[in-house]
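K.L.:
Submitted below is the structure of interest, expressed as structure tokens.
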Amino acid sequence: FATDGTQIVVAAEQPELTLYQITADGLAVAATLPAADTTPEGFAPAAQVAVEVRSDGNQIAALDVTGRTHVWNVSDGSLAFAVAAAANAAADEQAAAPVPPGGLQFSADNAKLLIGNRQRLQVVDAVEGRVLQILEEPTSIHSVAFAPDNVTIGVGRVGADSSAALRHFALERLIAAHEGPVASLVFTPDGNALLSGGSDKSLQLWNIADGKRV
């Protein structure tokens, strides 16, 4: 169900989602949300296996059988961004094996999207689609959950270690410090500020408390 309770999102054996409107006469197709034919990462669409609707109703995310994720804007049905599956040796070895469903969940503040598939967790910026953190699991992931604190992550595992685990999102802040690579970093002696030097030939001093330039 979409958050307003008047629409249903359906993922089936096709590379798109169907949004149905609940009417007095039954269900009517409101929109079809197609996956991109190709993305900047160069991957093609595949059948979707998990769907998540953001609590404010502004976005719908879907995880496909290959571990790739598409996120759509509900307002106009446009594709907001796509996230490629994170690569690791364990995932490559499992490529031909049956894939557990995995899972998706937006954080309570709608700022982050948690993606779990095979043996990897990805925490993604829900606005820009940037991967903020990748966590590896010892066995395949069947389900995921974000706690209300927007930091604690629950993971349902399958396989040799069929258990539930608690992980934590550790990234505190991203600072757009320079145009190009950040070449050097040093904290001030009191730990309250961070000095960065970039390939753009500039030095910037940042307040640790709020991430703003001093």
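In the structure tokens, chains take letters A, B, ... by order of appearance, with residues numbered from 1 within each chain and ligands from 1 in the order shown.
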Report as a list in words all protein, DNA and RNA residues lying within 9 Å of Val51 in chain A, evaluated on only C-alpha atoms, omitting residues in the same chain fewer than 5 positions from it.
P.N.:
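The neighbour list is Val9, Val10, Ala11, Leu17, Ile60, Ala61, Ala62, Leu63, Gly103, Leu104 and Gln105 of chain A.
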K.L.:
Give me every helix (DSSP H, G or I) residue in range 1-212 of chain A, going by DSSP on the backbone, as a list in words.
P.N.:
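Helix (DSSP H, G or I) assignments inside range 1-212 of chain A correspond to Ala89, Ala90, Ala91, Asp92 and Glu93 of chain A.
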K.L.:
Give me the residues within 10 Å of range 170-181 of chain A as a list of chain:residue names, counting only C-alpha atoms and dropping any in the same chain fewer than 6 places off.
P.N.:
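The contact residues come out as A:Val123, A:Leu132, A:Gln133, A:Val151, A:Thr152, A:Leu195, A:Ser196, A:Gly197, A:Gly198, A:Ser199, A:Asp200, A:Lys201, A:Ser202, A:Leu203, A:Gln204, A:Leu205, A:Trp206, A:Ile208, A:Ala209, A:Asp210, A:Gly211, A:Lys212, A:Arg213.
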K.L.:
Please save N, CA and C atoms of the selected residues as a PDB file, in the first residue's frame.
P.N.:
```pdb
ATOM      1  N   VAL A 123      23.800   1.380   2.539  1.00  0.00           N
ATOM      2  CA  VAL A 123      23.028   2.519   3.017  1.00  0.00           C
ATOM      3  C   VAL A 123      23.237   3.647   2.010  1.00  0.00           C
ATOM      4  N   LEU A 132      26.422   5.586   0.911  1.00  0.00           N
ATOM      5  CA  LEU A 132      27.080   6.159   2.073  1.00  0.00           C
ATOM      6  C   LEU A 132      27.908   5.138   2.831  1.00  0.00           C
ATOM      7  N   GLN A 133      27.444   3.891   2.856  1.00  0.00           N
ATOM      8  CA  GLN A 133      28.167   2.864   3.601  1.00  0.00           C
ATOM      9  C   GLN A 133      27.812   1.486   3.051  1.00  0.00           C
ATOM     10  N   VAL A 151      19.834   4.855  12.838  1.00  0.00           N
ATOM     11  CA  VAL A 151      21.222   4.405  12.931  1.00  0.00           C
ATOM     12  C   VAL A 151      21.316   2.881  13.045  1.00  0.00           C
ATOM     13  N   THR A 152      20.482   2.288  13.908  1.00  0.00           N
ATOM     14  CA  THR A 152      20.530   0.846  14.139  1.00  0.00           C
ATOM     15  C   THR A 152      19.863   0.105  12.989  1.00  0.00           C
ATOM     16  N   LEU A 195      40.667  20.522   8.933  1.00  0.00           N
ATOM     17  CA  LEU A 195      41.271  21.257   7.825  1.00  0.00           C
ATOM     18  C   LEU A 195      41.470  20.302   6.661  1.00  0.00           C
ATOM     19  N   SER A 196      40.970  20.683   5.480  1.00  0.00           N
ATOM     20  CA  SER A 196      41.095  19.836   4.306  1.00  0.00           C
ATOM     21  C   SER A 196      41.831  20.576   3.201  1.00  0.00           C
ATOM     22  N   GLY A 197      42.659  19.827   2.471  1.00  0.00           N
ATOM     23  CA  GLY A 197      43.351  20.366   1.314  1.00  0.00           C
ATOM     24  C   GLY A 197      42.967  19.572   0.090  1.00  0.00           C
ATOM     25  N   GLY A 198      42.652  20.236  -1.001  1.00  0.00           N
ATOM     26  CA  GLY A 198      42.145  19.536  -2.178  1.00  0.00           C
ATOM     27  C   GLY A 198      42.999  19.740  -3.411  1.00  0.00           C
ATOM     28  N   SER A 199      42.718  18.927  -4.425  1.00  0.00           N
ATOM     29  CA  SER A 199      43.421  19.058  -5.705  1.00  0.00           C
ATOM     30  C   SER A 199      43.005  20.322  -6.443  1.00  0.00           C
ATOM     31  N   ASP A 200      41.985  21.001  -5.920  1.00  0.00           N
ATOM     32  CA  ASP A 200      41.580  22.289  -6.497  1.00  0.00           C
ATOM     33  C   ASP A 200      42.440  23.437  -5.964  1.00  0.00           C
ATOM     34  N   LYS A 201      43.518  23.079  -5.223  1.00  0.00           N
ATOM     35  CA  LYS A 201      44.498  24.038  -4.697  1.00  0.00           C
ATOM     36  C   LYS A 201      43.890  24.979  -3.663  1.00  0.00           C
ATOM     37  N   SER A 202      42.955  24.456  -2.869  1.00  0.00           N
ATOM     38  CA  SER A 202      42.358  25.262  -1.805  1.00  0.00           C
ATOM     39  C   SER A 202      42.455  24.526  -0.476  1.00  0.00           C
ATOM     40  N   LEU A 203      42.457  25.308   0.609  1.00  0.00           N
ATOM     41  CA  LEU A 203      42.375  24.796   1.977  1.00  0.00           C
ATOM     42  C   LEU A 203      41.056  25.248   2.576  1.00  0.00           C
ATOM     43  N   GLN A 204      40.358  24.331   3.251  1.00  0.00           N
ATOM     44  CA  GLN A 204      39.074  24.667   3.845  1.00  0.00           C
ATOM     45  C   GLN A 204      39.067  24.197   5.301  1.00  0.00           C
ATOM     46  N   LEU A 205      38.501  25.009   6.183  1.00  0.00           N
ATOM     47  CA  LEU A 205      38.384  24.668   7.595  1.00  0.00           C
ATOM     48  C   LEU A 205      36.909  24.448   7.912  1.00  0.00           C
ATOM     49  N   TRP A 206      36.585  23.262   8.504  1.00  0.00           N
ATOM     50  CA  TRP A 206      35.209  22.851   8.711  1.00  0.00           C
ATOM     51  C   TRP A 206      34.905  22.660  10.191  1.00  0.00           C
ATOM     52  N   ILE A 208      33.273  20.722  13.033  1.00  0.00           N
ATOM     53  CA  ILE A 208      32.872  19.323  13.186  1.00  0.00           C
ATOM     54  C   ILE A 208      31.415  19.197  13.628  1.00  0.00           C
ATOM     55  N   ALA A 209      30.948  20.128  14.458  1.00  0.00           N
ATOM     56  CA  ALA A 209      29.605  20.031  15.031  1.00  0.00           C
ATOM     57  C   ALA A 209      28.511  20.063  13.979  1.00  0.00           C
ATOM     58  N   ASP A 210      28.664  20.929  12.963  1.00  0.00           N
ATOM     59  CA  ASP A 210      27.593  21.076  11.974  1.00  0.00           C
ATOM     60  C   ASP A 210      28.053  20.865  10.532  1.00  0.00           C
ATOM     61  N   GLY A 211      29.363  20.646  10.307  1.00  0.00           N
ATOM     62  CA  GLY A 211      29.857  20.413   8.960  1.00  0.00           C
ATOM     63  C   GLY A 211      29.948  21.651   8.114  1.00  0.00           C
ATOM     64  N   LYS A 212      29.805  22.824   8.718  1.00  0.00           N
ATOM     65  CA  LYS A 212      29.853  24.073   7.963  1.00  0.00           C
ATOM     66  C   LYS A 212      31.270  24.639   7.922  1.00  0.00           C
ATOM     67  N   ARG A 213      31.539  25.428   6.855  1.00  0.00           N
ATOM     68  CA  ARG A 213      32.837  26.065   6.722  1.00  0.00           C
ATOM     69  C   ARG A 213      33.020  27.143   7.794  1.00  0.00           C
TER      70      ARG A 213
END
```
K.L.:
Looking only at the backbone, which of the residues in range 18-214 of chain A does DSSP tag as strand (DSSP E or B), as a PyMOL selection string?
P.N.:
chain A and resi 18-23+26-34+48-53+59-64+69-73+79-83+103-106+112-117+120-125+131-136+141-146+152-157+164-168+182-187+193-198+203-207+213
K.L.:
Out of A:Ala147, A:Ile141, A:Arg130, A:Ala80, which residue has the shortest atom-to-atom distance to Gly67 in chain A when counting only C-alpha atoms?
P.N.:
A:Ile141
K.L.:
Would you work out the distance separating CA of Arg118 in chain A from CA of His142 in chain A, expressed in Å to one decimal?
P.N.:
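Separation between CA of Arg118 in chain A and CA of His142 in chain A: 8.0 Å.
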K.L.:
Between A:Gln7, A:Ser55, A:Thr32, A:Asn192, which residue has the minimum interatomic distance to Ala108 in chain A, considering only C-alpha atoms?
P.N.:
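When distances to Ala108 in chain A are compared using only C-alpha atoms, the smallest one comes from A:Ser55.
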